[in-house]
file protein-v2.cif (mmCIF, C-alpha atoms)
data_work
#
loop_
_atom_site.group_PDB
_atom_site.id
_atom_site.type_symbol
_atom_site.label_atom_id
_atom_site.label_comp_id
_atom_site.auth_asym_id
_atom_site.auth_seq_id
_atom_site.Cartn_x
_atom_site.Cartn_y
_atom_site.Cartn_z
ATOM 1 C CA LEU A 106 -2.704 13.718 -17.582
ATOM 2 C CA ALA A 107 0.081 16.208 -16.877
ATOM 3 C CA GLU A 108 1.354 15.887 -20.454
ATOM 4 C CA ARG A 109 -2.157 16.359 -21.813
ATOM 5 C CA THR A 110 -3.191 19.287 -19.635
ATOM 6 C CA GLY A 111 0.074 20.988 -18.735
ATOM 7 C CA ALA A 112 -0.443 20.293 -15.030
ATOM 8 C CA VAL A 113 2.674 20.557 -12.875
ATOM 9 C CA LEU A 114 3.692 17.485 -10.876
ATOM 10 C CA LYS A 115 5.353 18.049 -7.518
ATOM 11 C CA PHE A 116 6.845 15.354 -5.317
ATOM 12 C CA VAL A 117 7.350 15.090 -1.574
ATOM 13 C CA PRO A 118 10.781 13.641 -0.671
ATOM 14 C CA LEU A 119 11.776 11.385 2.208
ATOM 15 C CA ASN A 120 12.480 13.001 5.548
ATOM 16 C CA SER A 121 16.081 13.070 6.774
ATOM 17 C CA ALA A 122 15.568 9.934 8.867
ATOM 18 C CA GLY A 123 14.301 7.967 5.878
ATOM 19 C CA SER A 124 11.244 6.978 7.894
ATOM 20 C CA GLY A 125 8.504 8.616 5.823
ATOM 21 C CA MET A 126 7.387 11.742 4.014
ATOM 22 C CA ASP A 127 8.998 15.105 4.729
ATOM 23 C CA MET A 128 5.897 16.851 6.012
ATOM 24 C CA GLU A 129 7.577 20.260 6.151
ATOM 25 C CA VAL A 130 8.246 20.062 2.417
ATOM 26 C CA PHE A 131 4.717 18.765 1.811
ATOM 27 C CA HIS A 132 3.169 21.818 3.438
ATOM 28 C CA SER A 133 5.521 24.124 1.538
ATOM 29 C CA LEU A 134 4.443 22.611 -1.798
ATOM 30 C CA LEU A 135 0.720 23.144 -1.196
ATOM 31 C CA SER A 136 -0.886 26.224 -2.690
ATOM 32 C CA GLU A 137 -4.230 27.459 -4.021
ATOM 33 C CA LYS A 138 -3.107 26.091 -7.411
ATOM 34 C CA THR A 139 -2.932 22.536 -6.057
ATOM 35 C CA LYS A 140 -5.745 20.453 -7.574
ATOM 36 C CA LEU A 141 -5.004 16.926 -6.398
ATOM 37 C CA VAL A 142 -2.888 15.397 -3.652
ATOM 38 C CA SER A 143 -2.166 11.668 -3.975
ATOM 39 C CA CYS A 144 -0.348 9.564 -1.392
ATOM 40 C CA GLY A 145 -0.125 6.081 0.020
ATOM 41 C CA HIS A 146 -1.714 5.329 3.378
ATOM 42 C CA ILE A 147 0.975 2.793 4.339
ATOM 43 C CA SER A 148 4.311 2.327 2.578
ATOM 44 C CA ASN A 149 4.934 -1.176 1.251
ATOM 45 C CA VAL A 150 8.691 -0.619 1.698
ATOM 46 C CA LEU A 151 9.164 1.637 4.717
ATOM 47 C CA GLY A 152 6.252 0.129 6.621
ATOM 48 C CA CYS A 153 5.294 3.587 7.881
ATOM 49 C CA CYS A 154 1.748 4.865 8.193
ATOM 50 C CA ASN A 155 1.622 8.307 6.634
ATOM 51 C CA PRO A 156 -0.189 11.065 8.578
ATOM 52 C CA VAL A 157 -3.122 11.040 6.181
ATOM 53 C CA GLU A 158 -5.470 12.972 8.478
ATOM 54 C CA GLU A 159 -3.012 15.877 8.465
ATOM 55 C CA ILE A 160 -2.445 15.532 4.714
ATOM 56 C CA ILE A 161 -6.157 15.528 3.889
ATOM 57 C CA ALA A 162 -6.952 18.478 6.141
ATOM 58 C CA ALA A 163 -4.088 20.539 4.703
ATOM 59 C CA ALA A 164 -5.048 19.725 1.114
ATOM 60 C CA HIS A 165 -8.702 20.597 1.687
ATOM 61 C CA ALA A 166 -7.680 23.892 3.268
ATOM 62 C CA LYS A 167 -6.136 24.808 -0.108
ATOM 63 C CA GLY A 168 -9.165 23.562 -2.060
ATOM 64 C CA ALA A 169 -7.444 20.416 -3.357
ATOM 65 C CA LYS A 170 -8.910 16.922 -3.653
ATOM 66 C CA VAL A 171 -7.161 13.903 -2.100
ATOM 67 C CA LEU A 172 -6.671 10.440 -3.582
ATOM 68 C CA LEU A 173 -5.551 7.876 -1.010
ATOM 69 C CA ASP A 174 -3.846 4.644 -2.068
ATOM 70 C CA ALA A 175 -5.046 2.267 0.634
ATOM 71 C CA CYS A 176 -3.897 -1.008 -0.941
ATOM 72 C CA GLN A 177 -1.558 -1.565 2.015
ATOM 73 C CA SER A 178 -3.948 -0.416 4.746
ATOM 74 C CA VAL A 179 -7.467 -1.667 3.943
ATOM 75 C CA PRO A 180 -6.457 -5.370 4.272
ATOM 76 C CA HIS A 181 -4.754 -4.782 7.630
ATOM 77 C CA MET A 182 -6.737 -2.233 9.630
ATOM 78 C CA ALA A 183 -10.120 -0.560 9.892
ATOM 79 C CA VAL A 184 -10.301 2.352 7.429
ATOM 80 C CA ASP A 185 -13.194 4.827 7.702
ATOM 81 C CA VAL A 186 -13.409 6.980 4.565
ATOM 82 C CA GLN A 187 -15.959 9.292 6.155
ATOM 83 C CA ALA A 188 -13.790 9.917 9.204
ATOM 84 C CA LEU A 189 -10.727 10.465 7.002
ATOM 85 C CA ASP A 190 -12.752 12.699 4.662
ATOM 86 C CA CYS A 191 -10.692 11.612 1.637
ATOM 87 C CA ASP A 192 -12.211 12.348 -1.755
ATOM 88 C CA PHE A 193 -11.038 9.134 -3.401
ATOM 89 C CA LEU A 194 -9.635 5.853 -2.062
ATOM 90 C CA VAL A 195 -8.376 2.824 -3.950
ATOM 91 C CA ALA A 196 -7.582 -0.728 -2.826
ATOM 92 C CA SER A 197 -6.877 -4.062 -4.526
ATOM 93 C CA GLY A 198 -8.600 -7.395 -4.041
ATOM 94 C CA HIS A 199 -5.679 -9.820 -4.033
ATOM 95 C CA LYS A 200 -4.054 -8.103 -1.047
ATOM 96 C CA MET A 201 -7.136 -8.758 1.094
ATOM 97 C CA CYS A 202 -7.706 -12.485 0.454
ATOM 98 C CA GLY A 203 -9.697 -11.796 -2.719
ATOM 99 C CA PRO A 204 -9.120 -12.796 -6.354
ATOM 100 C CA THR A 205 -6.536 -11.204 -8.624
ATOM 101 C CA GLY A 206 -7.579 -8.744 -11.297
ATOM 102 C CA ILE A 207 -10.039 -6.739 -9.243
ATOM 103 C CA GLY A 208 -9.988 -3.801 -6.853
ATOM 104 C CA PHE A 209 -12.213 -0.883 -6.037
ATOM 105 C CA LEU A 210 -12.395 2.886 -6.170
ATOM 106 C CA TYR A 211 -14.290 4.839 -3.535
ATOM 107 C CA GLY A 212 -15.237 8.398 -4.372
ATOM 108 C CA LYS A 213 -17.470 10.977 -2.764
ATOM 109 C CA LYS A 214 -20.842 10.770 -4.455
ATOM 110 C CA ASN A 215 -21.108 14.431 -5.394
ATOM 111 C CA ILE A 216 -17.687 14.342 -7.076
ATOM 112 C CA LEU A 217 -18.408 11.153 -8.996
ATOM 113 C CA GLU A 218 -21.723 12.565 -10.181
ATOM 114 C CA GLU A 219 -19.925 15.570 -11.665
ATOM 115 C CA MET A 220 -17.234 13.491 -13.383
ATOM 116 C CA PRO A 221 -17.716 12.253 -16.972
ATOM 117 C CA PRO A 222 -17.189 8.530 -17.636
ATOM 118 C CA PHE A 223 -13.686 7.599 -18.787
ATOM 119 C CA MET A 224 -14.822 4.602 -20.865
ATOM 120 C CA GLY A 225 -17.874 3.712 -22.913
ATOM 121 C CA GLY A 226 -19.768 0.437 -23.212
ATOM 122 C CA GLY A 227 -22.873 -1.454 -22.231
ATOM 123 C CA GLU A 228 -24.748 -0.785 -18.992
ATOM 124 C CA MET A 229 -23.259 2.700 -18.472
ATOM 125 C CA ILE A 230 -25.750 4.435 -20.798
ATOM 126 C CA ALA A 231 -29.194 5.716 -19.817
ATOM 127 C CA ASP A 232 -30.406 6.883 -23.234
ATOM 128 C CA VAL A 233 -28.769 7.073 -26.651
ATOM 129 C CA PHE A 234 -29.705 9.644 -29.267
ATOM 130 C CA MET A 235 -28.113 10.355 -32.609
ATOM 131 C CA GLU A 236 -26.541 13.550 -31.311
ATOM 132 C CA TYR A 237 -25.705 12.621 -27.730
ATOM 133 C CA SER A 238 -26.096 10.119 -24.901
ATOM 134 C CA THR A 239 -27.024 10.330 -21.256
ATOM 135 C CA TYR A 240 -25.356 8.219 -18.610
ATOM 136 C CA ALA A 241 -26.644 5.770 -16.027
ATOM 137 C CA GLU A 242 -26.680 6.422 -12.302
ATOM 138 C CA LEU A 243 -23.707 5.617 -10.103
ATOM 139 C CA PRO A 244 -21.903 3.272 -9.999
ATOM 140 C CA HIS A 245 -22.959 2.025 -13.450
ATOM 141 C CA LYS A 246 -21.644 5.152 -15.189
ATOM 142 C CA PHE A 247 -18.102 3.995 -14.456
ATOM 143 C CA GLU A 248 -18.601 0.249 -15.029
ATOM 144 C CA PRO A 249 -19.042 -0.291 -18.791
ATOM 145 C CA GLY A 250 -19.261 -3.669 -20.441
ATOM 146 C CA THR A 251 -19.462 -7.090 -18.881
ATOM 147 C CA PRO A 252 -18.107 -6.831 -15.333
ATOM 148 C CA ALA A 253 -15.665 -9.227 -13.707
ATOM 149 C CA ILE A 254 -18.574 -11.084 -12.125
ATOM 150 C CA GLY A 255 -16.679 -13.968 -10.573
ATOM 151 C CA GLU A 256 -13.963 -11.694 -9.237
ATOM 152 C CA ALA A 257 -16.512 -9.303 -7.732
ATOM 153 C CA ILE A 258 -18.269 -12.156 -5.935
ATOM 154 C CA GLY A 259 -14.915 -13.402 -4.659
ATOM 155 C CA LEU A 260 -13.955 -9.941 -3.432
ATOM 156 C CA GLY A 261 -17.279 -9.617 -1.642
ATOM 157 C CA ALA A 262 -16.682 -12.960 0.081
ATOM 158 C CA ALA A 263 -13.197 -11.805 1.119
ATOM 159 C CA VAL A 264 -14.613 -8.626 2.655
ATOM 160 C CA GLN A 265 -17.169 -10.676 4.604
ATOM 161 C CA TYR A 266 -14.431 -13.045 5.771
ATOM 162 C CA LEU A 267 -12.203 -10.225 7.036
ATOM 163 C CA ASN A 268 -15.106 -8.485 8.756
ATOM 164 C CA LYS A 269 -16.069 -11.749 10.445
ATOM 165 C CA ILE A 270 -12.566 -12.019 11.925
ATOM 166 C CA GLY A 271 -12.605 -8.316 12.799
ATOM 167 C CA MET A 272 -10.306 -5.656 11.362
ATOM 168 C CA ASP A 273 -9.330 -4.343 14.795
ATOM 169 C CA LYS A 274 -8.369 -7.877 15.835
ATOM 170 C CA ILE A 275 -6.338 -8.345 12.648
ATOM 171 C CA HIS A 276 -4.566 -5.022 13.161
ATOM 172 C CA GLN A 277 -3.690 -5.812 16.780
ATOM 173 C CA TYR A 278 -2.261 -9.218 15.907
ATOM 174 C CA GLU A 279 -0.279 -7.866 12.965
ATOM 175 C CA THR A 280 1.151 -5.100 15.153
ATOM 176 C CA GLU A 281 2.462 -7.714 17.581
ATOM 177 C CA ILE A 282 3.878 -10.112 14.991
ATOM 178 C CA GLY A 283 5.289 -7.208 12.969
ATOM 179 C CA GLU A 284 7.187 -5.976 16.011
ATOM 180 C CA TYR A 285 8.530 -9.495 16.497
ATOM 181 C CA LEU A 286 9.724 -9.681 12.885
ATOM 182 C CA TYR A 287 11.487 -6.328 13.230
ATOM 183 C CA LYS A 288 13.074 -7.424 16.518
ATOM 184 C CA ARG A 289 14.385 -10.685 15.048
ATOM 185 C CA LEU A 290 15.844 -9.052 11.931
ATOM 186 C CA SER A 291 17.400 -6.289 14.046
ATOM 187 C CA GLU A 292 19.499 -8.874 15.898
ATOM 188 C CA PHE A 293 22.079 -8.952 13.082
ATOM 189 C CA GLU A 294 24.836 -6.428 12.422
ATOM 190 C CA GLU A 295 24.735 -6.929 8.649
ATOM 191 C CA VAL A 296 20.970 -6.337 8.229
ATOM 192 C CA LYS A 297 19.696 -2.863 7.381
ATOM 193 C CA ILE A 298 15.929 -2.406 7.742
ATOM 194 C CA TYR A 299 14.232 0.515 6.038
ATOM 195 C CA GLY A 300 11.649 2.727 7.695
ATOM 196 C CA PRO A 301 10.838 3.749 11.262
ATOM 197 C CA GLU A 302 11.716 1.675 14.320
ATOM 198 C CA SER A 303 8.165 1.666 15.716
ATOM 199 C CA GLN A 304 4.538 2.046 14.642
ATOM 200 C CA ARG A 305 5.211 -0.088 11.586
ATOM 201 C CA ALA A 306 3.144 -2.277 9.321
ATOM 202 C CA ALA A 307 3.845 -6.013 9.527
ATOM 203 C CA LEU A 308 6.631 -5.987 6.954
ATOM 204 C CA CYS A 309 10.350 -5.358 6.726
ATOM 205 C CA ALA A 310 12.210 -4.315 3.587
ATOM 206 C CA PHE A 311 15.903 -4.875 4.182
ATOM 207 C CA GLN A 312 19.405 -5.264 2.824
ATOM 208 C CA ILE A 313 22.072 -7.713 3.954
ATOM 209 C CA GLU A 314 25.638 -6.604 3.500
ATOM 210 C CA GLY A 315 27.238 -8.347 0.515
ATOM 211 C CA ILE A 316 24.084 -10.249 -0.506
ATOM 212 C CA HIS A 317 21.935 -9.390 -3.538
ATOM 213 C CA PRO A 318 18.204 -9.417 -2.690
ATOM 214 C CA SER A 319 17.341 -11.586 -5.711
ATOM 215 C CA ASP A 320 19.926 -14.200 -4.770
ATOM 216 C CA LEU A 321 18.574 -14.217 -1.236
ATOM 217 C CA SER A 322 15.031 -14.685 -2.504
ATOM 218 C CA VAL A 323 16.035 -17.690 -4.622
ATOM 219 C CA MET A 324 17.885 -19.359 -1.758
ATOM 220 C CA LEU A 325 15.008 -18.801 0.674
ATOM 221 C CA ASP A 326 12.611 -20.237 -1.878
ATOM 222 C CA LEU A 327 14.642 -23.446 -1.818
ATOM 223 C CA GLU A 328 14.035 -23.502 1.949
ATOM 224 C CA GLY A 329 10.288 -23.093 1.411
ATOM 225 C CA VAL A 330 10.257 -19.471 2.554
ATOM 226 C CA ALA A 331 8.698 -16.813 0.319
ATOM 227 C CA ILE A 332 9.912 -13.224 0.324
ATOM 228 C CA ARG A 333 9.903 -10.523 -2.357
ATOM 229 C CA ALA A 334 12.987 -9.058 -4.025
ATOM 230 C CA GLY A 335 13.187 -6.028 -6.295
ATOM 231 C CA ASN A 336 11.962 -2.458 -6.130
ATOM 232 C CA HIS A 337 8.407 -3.417 -5.070
ATOM 233 C CA CYS A 338 6.839 -0.926 -7.520
ATOM 234 C CA THR A 339 8.765 1.869 -5.758
ATOM 235 C CA GLN A 340 11.786 2.486 -7.967
ATOM 236 C CA PRO A 341 11.993 6.242 -7.178
ATOM 237 C CA LEU A 342 11.952 5.434 -3.452
ATOM 238 C CA HIS A 343 14.777 2.940 -3.827
ATOM 239 C CA THR A 344 16.700 5.506 -5.868
ATOM 240 C CA ALA A 345 16.295 7.927 -2.958
ATOM 241 C CA LEU A 346 17.527 5.185 -0.611
ATOM 242 C CA GLY A 347 20.547 4.634 -2.855
ATOM 243 C CA GLU A 348 19.574 1.071 -3.715
ATOM 244 C CA ALA A 349 18.464 -0.757 -6.853
ATOM 245 C CA GLY A 350 16.097 -2.869 -4.796
ATOM 246 C CA SER A 351 15.586 -4.637 -1.500
ATOM 247 C CA ALA A 352 14.396 -7.880 0.036
ATOM 248 C CA ARG A 353 11.034 -7.760 1.804
ATOM 249 C CA ALA A 354 9.426 -10.085 4.319
ATOM 250 C CA SER A 355 5.690 -9.436 4.646
ATOM 251 C CA LEU A 356 3.257 -10.880 7.172
ATOM 252 C CA TYR A 357 -0.518 -11.247 7.318
ATOM 253 C CA PHE A 358 -2.919 -12.435 10.003
ATOM 254 C CA TYR A 359 -2.455 -16.069 8.951
ATOM 255 C CA ASN A 360 1.277 -16.005 9.682
ATOM 256 C CA THR A 361 2.590 -17.179 13.057
ATOM 257 C CA PHE A 362 5.456 -16.284 15.380
ATOM 258 C CA ASP A 363 6.918 -19.729 14.722
ATOM 259 C CA GLU A 364 6.991 -18.923 11.012
ATOM 260 C CA VAL A 365 8.969 -15.774 11.754
ATOM 261 C CA ASP A 366 11.506 -17.954 13.584
ATOM 262 C CA THR A 367 11.550 -20.353 10.623
ATOM 263 C CA PHE A 368 12.263 -17.409 8.332
ATOM 264 C CA ILE A 369 15.172 -16.268 10.505
ATOM 265 C CA GLU A 370 16.732 -19.747 10.550
ATOM 266 C CA ALA A 371 16.297 -20.055 6.774
ATOM 267 C CA LEU A 372 17.825 -16.597 6.387
ATOM 268 C CA LYS A 373 20.937 -17.692 8.277
ATOM 269 C CA SER A 374 21.248 -20.762 6.078
ATOM 270 C CA ALA A 375 20.719 -18.799 2.853
ATOM 271 C CA VAL A 376 23.242 -16.104 3.742
ATOM 272 C CA ASP A 377 25.808 -18.751 4.659
ATOM 273 C CA ALA A 378 25.245 -20.560 1.353
ATOM 274 C CA LEU A 379 25.750 -17.277 -0.516
ATOM 275 C CA GLY A 380 29.098 -16.691 1.173
ATOM 276 C CA GLY A 381 27.880 -13.984 3.534
ATOM 277 C CA LYS A 382 27.592 -13.819 7.296
ATOM 278 C CA LEU A 383 25.146 -12.755 9.966
ATOM 279 C CA THR A 384 26.673 -11.547 13.216
ATOM 280 C CA MET A 385 24.584 -11.154 16.342
ATOM 281 C CA LYS A 386 24.722 -7.673 17.822
#
call {"tool": "encode", "arguments": {"input": "protein-v2.cif", "output": "structure tokens"}}
result
Amino acid sequence: LAERTGAVLKFVPLNSAGSGMDMEVFHSLLSEKTKLVSCGHISNVLGCCNPVEEIIAAAHAKGAKVLLDACQSVPHMAVDVQALDCDFLVASGHKMCGPTGIGFLYGKKNILEEMPPFMGGGEMIADVFMEYSTYAELPHKFEPGTPAIGEAIGLGAAVQYLNKIGMDKIHQYETEIGEYLYKRLSEFEEVKIYGPESQRAALCAFQIEGIHPSDLSVMLDLEGVAIRAGNHCTQPLHTALGEAGSARASLYFYNTFDEVDTFIEALKSAVDALGGKLTMK
């Protein structure tokens, strides 16, 4: 879009603590020329929850729209788009117990009504004339062709399942088990955890001195423990952190405290097998 329109992209760096966005820089970058502010609700590496209420209010004060990436928040906590007052919000199905290949876009109705469709196809047309066409009502205007019917049904079932458990209950449990994961990983001198020390999501991206994250992931897999290794779709962030990638342990409401302990024991075994060491603080 920037290449096509000549729009200027501006980026908010990490704060000096490496725990989240530098909000002072963010405010300095905003101006009456700003058209769109896009940010993640929760970082899938740092585990921090960005101050989206402040971000949205500041952007709106300059006349800008806000797109919120809530892929890491919607599955884990109650998110109220009306209370947040965001203009757009996106989330993905497979992160919230749904099928792969589907997600959703929320947009304020008045904005979506003004926007032209980005793709043509069946079901998004109202009337077709030789010279022009008119478009169907929302949401059909943005859903051309045969939809992912099975995936949509599966996503709907996942939403019902999560609501039945209760998003506040899920968030409370994940806060507790996430704190436990952080506490256990923090016991070792050689482990560096990225992000803030408190008010974290239930995940830890980390480095172990002398151990490559990919090697660690393979060894843990042999122990029956699944983690992620790589840049986690955040290569610029890892560049800012001075790393090519990291290891990440992520938890959800179905994980248990015992499984965290199992992970820690498997971690010790994997590091030992890779010729490293873990020293208790």
call {"tool": "closest_residue", "arguments": {"input": "protein-v2.cif", "among": "A:Leu141, A:Ala375, A:Val195, A:Met220", "to": "Gly208 (chain A)", "atoms": "all atoms listed in the file"}}
result
A:Val195
call {"tool": "axis_aligned_box", "arguments": {"input": "protein-v2.cif", "around": "region 171-189 of chain A", "padding_each_side": "5 Å", "output": "JSON"}}
result
{"center_x": -8.8, "center_y": 4.3, "center_z": 3.2, "size_x": 24.4, "size_y": 29.3, "size_z": 23.5}
call {"tool": "atom_distance", "arguments": {"input": "protein-v2.cif", "atom1": "CA of Glu281 (chain A)", "atom2": "CA of His199 (chain A)"}}
result
23.2 Å
call {"tool": "residues_around", "arguments": {"input": "protein-v2.cif", "residues": "His276 (chain A)", "least_positions_apart": "6", "cutoff": "8 Å", "atoms": "all atoms listed in the file", "output": "compact mmCIF listing (two decimals) with C-alpha atoms, in the frame of the given file"}}
result
# COMPACT_ATOMS: atom_id res chain seq x y z
CA HIS A 181 -4.75 -4.78 7.63
CA MET A 182 -6.74 -2.23 9.63
CA ALA A 183 -10.12 -0.56 9.89
call {"tool": "residues_around", "arguments": {"input": "protein-v2.cif", "residues": "Ser351 (chain A)", "least_positions_apart": "5", "cutoff": "7 Å", "atoms": "all atoms listed in the file", "output": "list in words"}}
result
Ala310, Phe311, Gln312, Pro318, Ala334, Gly335 and Asn336 of chain A
call {"tool": "write_last_selection", "arguments": {"input": "protein-v2.cif", "atoms": "C-alpha atoms", "output": "tab-separated table (two decimals), keeping the file's coordinate frame"}}
result
chain	number	residue	atom	x	y	z
A	310	ALA	CA	12.21	-4.32	3.59
A	311	PHE	CA	15.90	-4.88	4.18
A	312	GLN	CA	19.40	-5.26	2.82
A	318	PRO	CA	18.20	-9.42	-2.69
A	334	ALA	CA	12.99	-9.06	-4.03
A	335	GLY	CA	13.19	-6.03	-6.30
A	336	ASN	CA	11.96	-2.46	-6.13
call {"tool": "closest_residue", "arguments": {"input": "protein-v2.cif", "among": "A:Glu256, A:Asp190, A:Glu279, A:Glu242", "to": "Ser355 (chain A)", "atoms": "all atoms listed in the file"}}
result
A:Glu279
call {"tool": "closest_atom_pairs", "arguments": {"input": "protein-v2.cif", "of": "region 262-333 of chain A", "to": "region 148-163 of chain A", "cutoff": "8 Å", "atoms": "all atoms listed in the file", "output": "tab-separated table"}}
result
residue	atom	partner	partner_atom	distance
A:Tyr299	CA	A:Leu151	CA	5.4
A:Gly300	CA	A:Leu151	CA	4.0
A:Pro301	CA	A:Cys153	CA	6.5
A:Gln304	CA	A:Cys153	CA	7.0
A:Arg305	CA	A:Gly152	CA	5.1
A:Ala306	CA	A:Gly152	CA	4.8
A:Ala307	CA	A:Gly152	CA	7.2
A:Leu308	CA	A:Gly152	CA	6.1
A:Cys309	CA	A:Gly152	CA	6.8
A:Ala310	CA	A:Val150	CA	5.4
call {"tool": "resolve_selection", "arguments": {"input": "protein-v2.cif", "expression": "the PyMOL selection byres ((chain A and resi 346) around 12)", "output": "PyMOL selection string"}}
result
chain A and resi 118-125+150-151+297-300+310-312+336+339-345+347-351
call {"tool": "resolve_selection", "arguments": {"input": "protein-v2.cif", "expression": "the PyMOL selection byres ((chain A and resi 117) around 7)", "output": "PyMOL selection string"}}
result
chain A and resi 115-116+118-119+126-127+130-131
call {"tool": "write_last_selection", "arguments": {"input": "protein-v2.cif", "atoms": "C-alpha atoms", "output": "PDB file, in the frame of the given file"}}
result
ATOM      1  CA  LYS A 115       5.353  18.049  -7.518  1.00  0.00           C
ATOM      2  CA  PHE A 116       6.845  15.354  -5.317  1.00  0.00           C
ATOM      3  CA  PRO A 118      10.781  13.641  -0.671  1.00  0.00           C
ATOM      4  CA  LEU A 119      11.776  11.385   2.208  1.00  0.00           C
ATOM      5  CA  MET A 126       7.387  11.742   4.014  1.00  0.00           C
ATOM      6  CA  ASP A 127       8.998  15.105   4.729  1.00  0.00           C
ATOM      7  CA  VAL A 130       8.246  20.062   2.417  1.00  0.00           C
ATOM      8  CA  PHE A 131       4.717  18.765   1.811  1.00  0.00           C
TER       9      PHE A 131
END
call {"tool": "resolve_selection", "arguments": {"input": "protein-v2.cif", "expression": "the PyMOL selection byres ((chain A and resi 145) around 8)", "output": "number ranges by chain"}}
result
A: 143-144, 146-148, 155, 173-175
call {"tool": "residues_around", "arguments": {"input": "protein-v2.cif", "residues": "region 227-234 of chain A", "least_positions_apart": "2", "cutoff": "7 Å", "atoms": "all atoms listed in the file", "output": "VMD selection string"}}
result
chain A and resid 236 to 241 245 to 250
call {"tool": "closest_residue", "arguments": {"input": "protein-v2.cif", "among": "A:Lys200, A:Ile258, A:Ser136, A:Leu210", "to": "Leu172 (chain A)", "atoms": "only C-alpha atoms"}}
result
A:Leu210
call {"tool": "closest_residue", "arguments": {"input": "protein-v2.cif", "among": "A:Val330, A:Val296, A:Asp320, A:Ile270", "to": "Leu383 (chain A)", "atoms": "all atoms listed in the file"}}
result
A:Val296
call {"tool": "atom_distance", "arguments": {"input": "protein-v2.cif", "atom1": "CA of Leu290 (chain A)", "atom2": "CA of Glu302 (chain A)"}}
result
11.7 Å
call {"tool": "atom_distance", "arguments": {"input": "protein-v2.cif", "atom1": "CA of Phe358 (chain A)", "atom2": "CA of Met385 (chain A)"}}
result
28.3 Å
call {"tool": "residues_around", "arguments": {"input": "protein-v2.cif", "residues": "Tyr211 (chain A)", "least_positions_apart": "5", "cutoff": "10 Å", "atoms": "all atoms listed in the file", "output": "MDAnalysis selection string"}}
result
chainID A and resid 172:173 186 191:196 217
